[in-house]
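Visitor: My questions will all concern the structure given below.
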Amino acid sequence: MEQALQQRLEQTARQLRRHIISMTHGASSGHPGGSLSATDIVTALFFHEMRVDPQNPRWPSRDRFILSKGHAAPVLYAALAEKGFFPVEELPNLRRTGHFLQGHPDMKKVPGVDMSTGSLGQGISAAVGMALALELDKSDARVWAVLGDGELQEGQVWEAAMAAAHYKLDRLTAFVDLNKLQIDGPVEKVMSCLPVKEKFEAFGWNVLEIDGHSFEQIIDAIEQAKATKGRPTCIVAHTVKGKGVSFMENQVGWHGSAPNAEQAQQALKELQ
Amino acid sequence: MTKIATRDAYGRALAQLGGENQDIVVLDADLAKSTKTIDFAKVYPERFFDMGIAEQNLIGVSAGLAAAGKIPFASTFAMFATGRAFEQIRNSVAYPKLNVKIAATHAGISVGEDGASHQTVEDIALMRAIPNMTVVVPADGIETEAVIRWAASYSGPVYIRLGRLAVPVLYDENYRFEWGKAVTLCSGKDVTFIAAGLMVAMAMEAAELLSAEGIEAEVLNIHTIKPIDAEAICASVQRTGAVVTAEEHSIIGGLGSAVAEVLAEHYPAPLERVGLKDTFGESGKPNELFEKYGLTKEALVAAAKKAVGRKK
Ligand SMILES: Cc1ncc(C[n+]2csc(CCOP(=O)(O)OP(=O)(O)O)c2C)c(N)n1
Ligand SMILES: [Mg+2]
């Protein structure tokens, strides 16, 4: 992978992570852990791969992005703002009454959000529907979704997985942000979703397994997904919840609590 | 009298509309032969998607199709559409105000032999409570076709409640459906029947029985339960002073409740609610179940007399 690209993406990802910290700190709520684990995936998609037009967020030929794990809204908002869908100055208004950056993505309010999510398990079905529609329209647009590993416990995910393979939706790619944690503890303890790879394979998907913090591997997987015909691709991305902030990494407690002023300062220092 | 099930009219309307509008897509959950979406599937197989027995995904995929510009009609039994997939309807369809039409069949106890597990008497209550949702209950085949046509032209979520049983045809081909506008089927000065679905025909019969006894009943067909035509309801009740609601649904949360809300706020008047009285249905022939659960013209007559007797 080109070094300049690698550097640019790393820099962007650091910037998104800084936004995530500032936003959740400012809102005194929100979900930093799962936003930080998905940051590199979201960065690679929005700042390398996806065809979108911030001036025309509803452009019919755009690639779609569905954050099925909607609680990671901060990373999506940070990416959309940096991409130019709305001013970066709006980010501090996350979760504030009367402002448009809702706690979970709202397609009616936030330019660039392709599907309202927040109730786990539902985004992936919408992604299947979008892929079907694009298929009918003979469009070349692709659909990218990001799911949590805890989210895989929802039965609807598997209904959608079955349908995506049945309808041979090769324009659909689902990342699983395998950060090994959910709210009540490690996914392995709460309700094991393993083996993820074999499950999706059994459902008829092409499955790739990568380090979700390696841009080289993310981009390589994206290319392989695009080259795969006749079936959707699942990219099982091994990640670290809270990635990039030492005291948040692998800590279940940082799923849904915001850093205080001191913690935010420390985190921002680490993310320089 | 000619009878046709509203689900049959639905299938016919879909197959017709499919040729006029390429954006219409139809989804089902392994009940295409029962919901009659098969009529569309046969003509436009490339725009028909069977989702299998997976109602949550049925609704979620419909949301995605709508978000990408299609006009999806999603069908299954009303029980499973509004029950199993309630939250998908709420969060994936209504909250983002996506253009999904949920046309659900086999509502109410007229499902018959399949019994209570398949007879939803709560769907109107569930759908009515969701912001952005429109709730329509056609009374006959002609109204159904008009409603389907209207729904395809309207932008936003619509719940359309359809039935399994063949029901009398009330309208002729000149009927024009007006969203949110009650239809006065007969005028009277003593009591107002406010009915929806197959209870409209029954209310007409009850009005006839009453007129033989010198009681003049007005019959309103409230096909649109949400937004409800409060103006028409109040105007009628101002003349008659007494109301009977008639629905093939629980009296809790459905049409009876909706009318009670209107009357309590705008024009308090004696109200009797005919419908399922906080009970599930059971297996049996539809007509026997109507008898057992008090959904008959005789029950409507009795309710009307009671309402009239309560006038001050
Ligand atoms: C249907 C539903 N149930 C429960 C929740 C509450 N909830 C929010 S996040 C979460 C845990 C998600 O875990 P995971 O999918 O692993 O996400 P990540 O670790 O990436 O944050 C839960 C249970 C929800 N948003 N939706
Ligand atoms: Mg997780």
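In the structure tokens, chains take letters A, B, ... by order of appearance, with residues numbered from 1 within each chain and ligands from 1 in the order shown.
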Give me, as a list of chain:residue names, all polymer residues having an atom no more than 7 Å from Gly118 in chain A, counting only C-alpha atoms and skipping those fewer than 6 positions away in the same chain.
Guide: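 Surrounding residues, per the criterion: A:Lys69, A:Gly70, A:His71, A:His104, A:Pro105.
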Visitor: I need the residues from that last selection saved to file as a PDB file, in the first residue's frame (with all heavy atoms), if you can.
Guide:
```pdb
ATOM      1  N   LYS A  69     -24.827  -0.810  13.519  1.00  0.00           N
ATOM      2  CA  LYS A  69     -24.585  -0.573  14.956  1.00  0.00           C
ATOM      3  C   LYS A  69     -24.663   0.941  15.174  1.00  0.00           C
ATOM      4  O   LYS A  69     -23.656   1.646  15.318  1.00  0.00           O
ATOM      5  CB  LYS A  69     -23.256  -1.181  15.440  1.00  0.00           C
ATOM      6  CG  LYS A  69     -22.041  -1.002  14.564  1.00  0.00           C
ATOM      7  CD  LYS A  69     -20.758  -1.410  15.288  1.00  0.00           C
ATOM      8  CE  LYS A  69     -20.165  -0.274  16.094  1.00  0.00           C
ATOM      9  NZ  LYS A  69     -18.846  -0.562  16.692  1.00  0.00           N
ATOM     10  N   GLY A  70     -25.898   1.426  15.168  1.00  0.00           N
ATOM     11  CA  GLY A  70     -26.154   2.866  15.131  1.00  0.00           C
ATOM     12  C   GLY A  70     -25.616   3.658  16.311  1.00  0.00           C
ATOM     13  O   GLY A  70     -25.409   4.869  16.204  1.00  0.00           O
ATOM     14  N   HIS A  71     -25.369   2.976  17.415  1.00  0.00           N
ATOM     15  CA  HIS A  71     -24.851   3.709  18.583  1.00  0.00           C
ATOM     16  C   HIS A  71     -23.463   4.280  18.328  1.00  0.00           C
ATOM     17  O   HIS A  71     -23.009   5.155  19.058  1.00  0.00           O
ATOM     18  CB  HIS A  71     -24.858   2.822  19.832  1.00  0.00           C
ATOM     19  CG  HIS A  71     -24.061   1.559  19.678  1.00  0.00           C
ATOM     20  ND1 HIS A  71     -24.551   0.455  19.027  1.00  0.00           N
ATOM     21  CD2 HIS A  71     -22.814   1.233  20.084  1.00  0.00           C
ATOM     22  CE1 HIS A  71     -23.626  -0.512  19.045  1.00  0.00           C
ATOM     23  NE2 HIS A  71     -22.567  -0.058  19.674  1.00  0.00           N
ATOM     24  N   HIS A 104     -28.640   8.676  17.777  1.00  0.00           N
ATOM     25  CA  HIS A 104     -28.443   7.607  16.801  1.00  0.00           C
ATOM     26  C   HIS A 104     -28.774   8.164  15.416  1.00  0.00           C
ATOM     27  O   HIS A 104     -29.593   9.078  15.305  1.00  0.00           O
ATOM     28  CB  HIS A 104     -29.321   6.404  17.144  1.00  0.00           C
ATOM     29  CG  HIS A 104     -28.927   5.722  18.440  1.00  0.00           C
ATOM     30  ND1 HIS A 104     -29.327   6.190  19.672  1.00  0.00           N
ATOM     31  CD2 HIS A 104     -28.147   4.641  18.682  1.00  0.00           C
ATOM     32  CE1 HIS A 104     -28.803   5.416  20.625  1.00  0.00           C
ATOM     33  NE2 HIS A 104     -28.086   4.466  20.062  1.00  0.00           N
ATOM     34  N   PRO A 105     -28.142   7.636  14.366  1.00  0.00           N
ATOM     35  CA  PRO A 105     -28.264   8.235  13.032  1.00  0.00           C
ATOM     36  C   PRO A 105     -29.715   8.408  12.567  1.00  0.00           C
ATOM     37  O   PRO A 105     -30.508   7.472  12.643  1.00  0.00           O
ATOM     38  CB  PRO A 105     -27.527   7.236  12.125  1.00  0.00           C
ATOM     39  CG  PRO A 105     -26.559   6.557  13.038  1.00  0.00           C
ATOM     40  CD  PRO A 105     -27.256   6.459  14.354  1.00  0.00           C
TER      41      PRO A 105
END
```
Visitor: Select from chain A every residue with an atom at most 10 Å from any atom of ligand 1, then for each give the shortest pair of atoms and their distance in Å to one decimal, using only C-alpha atoms and all ligand atoms, rows by chain and rising number, as a tab-separated table.
Guide:
```
residue	atom	partner	partner_atom_place_in_ligand_line	distance
A:His31	CA	ligand 1	21 (O)	7.2
A:Pro32	CA	ligand 1	21 (O)	8.3
A:Gly33	CA	ligand 1	21 (O)	6.2
A:Gly34	CA	ligand 1	21 (O)	3.6
A:Ser35	CA	ligand 1	21 (O)	7.0
A:Leu36	CA	ligand 1	20 (O)	8.9
A:Ser37	CA	ligand 1	20 (O)	6.9
A:Ala38	CA	ligand 1	20 (O)	7.3
A:Ser68	CA	ligand 1	15 (O)	8.9
A:Lys69	CA	ligand 1	15 (O)	6.0
A:Gly70	CA	ligand 1	25 (N)	7.3
A:His71	CA	ligand 1	9 (S)	5.8
A:Ala72	CA	ligand 1	21 (O)	6.6
A:His104	CA	ligand 1	25 (N)	9.0
A:Thr117	CA	ligand 1	25 (N)	8.7
A:Gly118	CA	ligand 1	25 (N)	5.2
A:Ser119	CA	ligand 1	26 (N)	3.8
A:Leu120	CA	ligand 1	26 (N)	4.0
A:Gly121	CA	ligand 1	1 (C)	6.4
A:Gln122	CA	ligand 1	1 (C)	8.0
A:Val146	CA	ligand 1	20 (O)	9.0
A:Leu147	CA	ligand 1	15 (O)	6.5
A:Gly148	CA	ligand 1	15 (O)	3.3
A:Asp149	CA	ligand 1	16 (O)	4.2
A:Gly150	CA	ligand 1	16 (O)	3.4
A:Glu151	CA	ligand 1	15 (O)	3.7
A:Leu152	CA	ligand 1	15 (O)	6.8
A:Gln153	CA	ligand 1	15 (O)	8.3
A:Glu154	CA	ligand 1	1 (C)	7.4
A:Gln156	CA	ligand 1	1 (C)	9.8
A:Val176	CA	ligand 1	20 (O)	8.5
A:Asp177	CA	ligand 1	20 (O)	5.8
A:Leu178	CA	ligand 1	16 (O)	7.1
A:Asn179	CA	ligand 1	19 (O)	5.8
A:Lys180	CA	ligand 1	16 (O)	6.7
A:Leu181	CA	ligand 1	19 (O)	4.9
A:Gln182	CA	ligand 1	13 (O)	3.8
A:Ile183	CA	ligand 1	11 (C)	4.9
A:Asp184	CA	ligand 1	23 (C)	7.9
A:Gly185	CA	ligand 1	13 (O)	9.4
A:Pro186	CA	ligand 1	16 (O)	8.7
A:Val187	CA	ligand 1	16 (O)	7.0
A:Cys193	CA	ligand 1	16 (O)	9.9
A:Thr239	CA	ligand 1	20 (O)	9.2
A:Val240	CA	ligand 1	19 (O)	9.2
A:Lys241	CA	ligand 1	19 (O)	6.6
A:Gly242	CA	ligand 1	21 (O)	9.3
A:Asn250	CA	ligand 1	19 (O)	10.0
A:Val252	CA	ligand 1	19 (O)	8.5
A:Trp254	CA	ligand 1	21 (O)	9.2
A:His255	CA	ligand 1	21 (O)	5.9
A:Gly256	CA	ligand 1	9 (S)	7.7
```
Visitor: Report as a PyMOL selection string all protein, DNA and RNA residues lying within 9 Å of range 91-102 of chain A, evaluated on only C-alpha atoms, omitting residues in the same chain fewer than 3 positions from it.
Guide: chain A and resi 19+22-24+26-27+29-30+73-74+77-78+81+87-88+105-106+109-110
Visitor: As an exercise, work out the distance from CA of Arg17 in chain A to CA of Gln251 in chain A in Å and give it to one decimal place.
Guide: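 These two atoms are separated by 16.5 Å.
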Visitor: Find the residue from B:Thr296, B:Ser257, B:Ser250, B:Thr224 that sits nearest to Asp278 in chain B; use only C-alpha atoms when measuring.
Guide: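 Answer, going by the shortest atom-to-atom distance: B:Ser250.
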Visitor: Extract the full set of helix (DSSP H, G or I) residues from range 56-241 of chain A according to DSSP on the backbone, and format it as a VMD selection string.
Guide: chain A and resid 70 to 83 88 to 93 123 to 136 150 to 153 155 to 166 187 to 190 196 to 202 215 to 227
Visitor: Just checking: using only C-alpha atoms, which residue out of A:Ile21, A:Ile124, A:Met50, A:Ala4 ends up closest to chain B?
Guide: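 Smallest distance to chain B is found for A:Ile124.
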Visitor: I need the contact residues of chain B against chain A, so if you could list those with any atom within 6 Å, counting only C-alpha atoms, and return them as a PDB file with C-alpha atoms, in the first residue's frame, that would help.
Guide:
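To be explicit, this is the file written out as result-v4.pdb:
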```pdb
ATOM      1  CA  ASN B  57     -36.503  -8.691   7.497  1.00  0.00           C
ATOM      2  CA  GLY B  60     -36.506  -3.924   6.981  1.00  0.00           C
ATOM      3  CA  VAL B  61     -35.810  -4.788   3.347  1.00  0.00           C
ATOM      4  CA  SER B  62     -38.909  -2.828   2.327  1.00  0.00           C
ATOM      5  CA  ALA B  63     -37.477   0.160   4.177  1.00  0.00           C
ATOM      6  CA  GLY B  64     -34.220  -0.148   2.252  1.00  0.00           C
ATOM      7  CA  LEU B  65     -36.038  -0.428  -1.063  1.00  0.00           C
ATOM      8  CA  ALA B  68     -33.523   3.806  -2.659  1.00  0.00           C
TER       9      ALA B  68
END
```
Visitor: Do you know which residues are at most 8 Å from Val25 in chain B counting only C-alpha atoms, after dropping those on the same chain fewer than 2 positions away, and could you put them as a ChimeraX atom specification?
Guide: /B:18,22-23,27,47-49,70-73
Visitor: Looking at only C-alpha atoms and all ligand atoms, which of A:Ala237, A:Glu135, A:Glu49, A:Gln272 is the one that sits closest to ligand 2?
Guide: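 For ligand 2, the nearest of the given residues is A:Ala237.
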Visitor: Can you list, as a ChimeraX atom specification, every protein, DNA or RNA residue that comes within 8 Å of Ala85 in chain B when you count only C-alpha atoms, leaving out same-chain residues fewer than 4 positions away?
Guide: /B:55-56,59,80-81,89
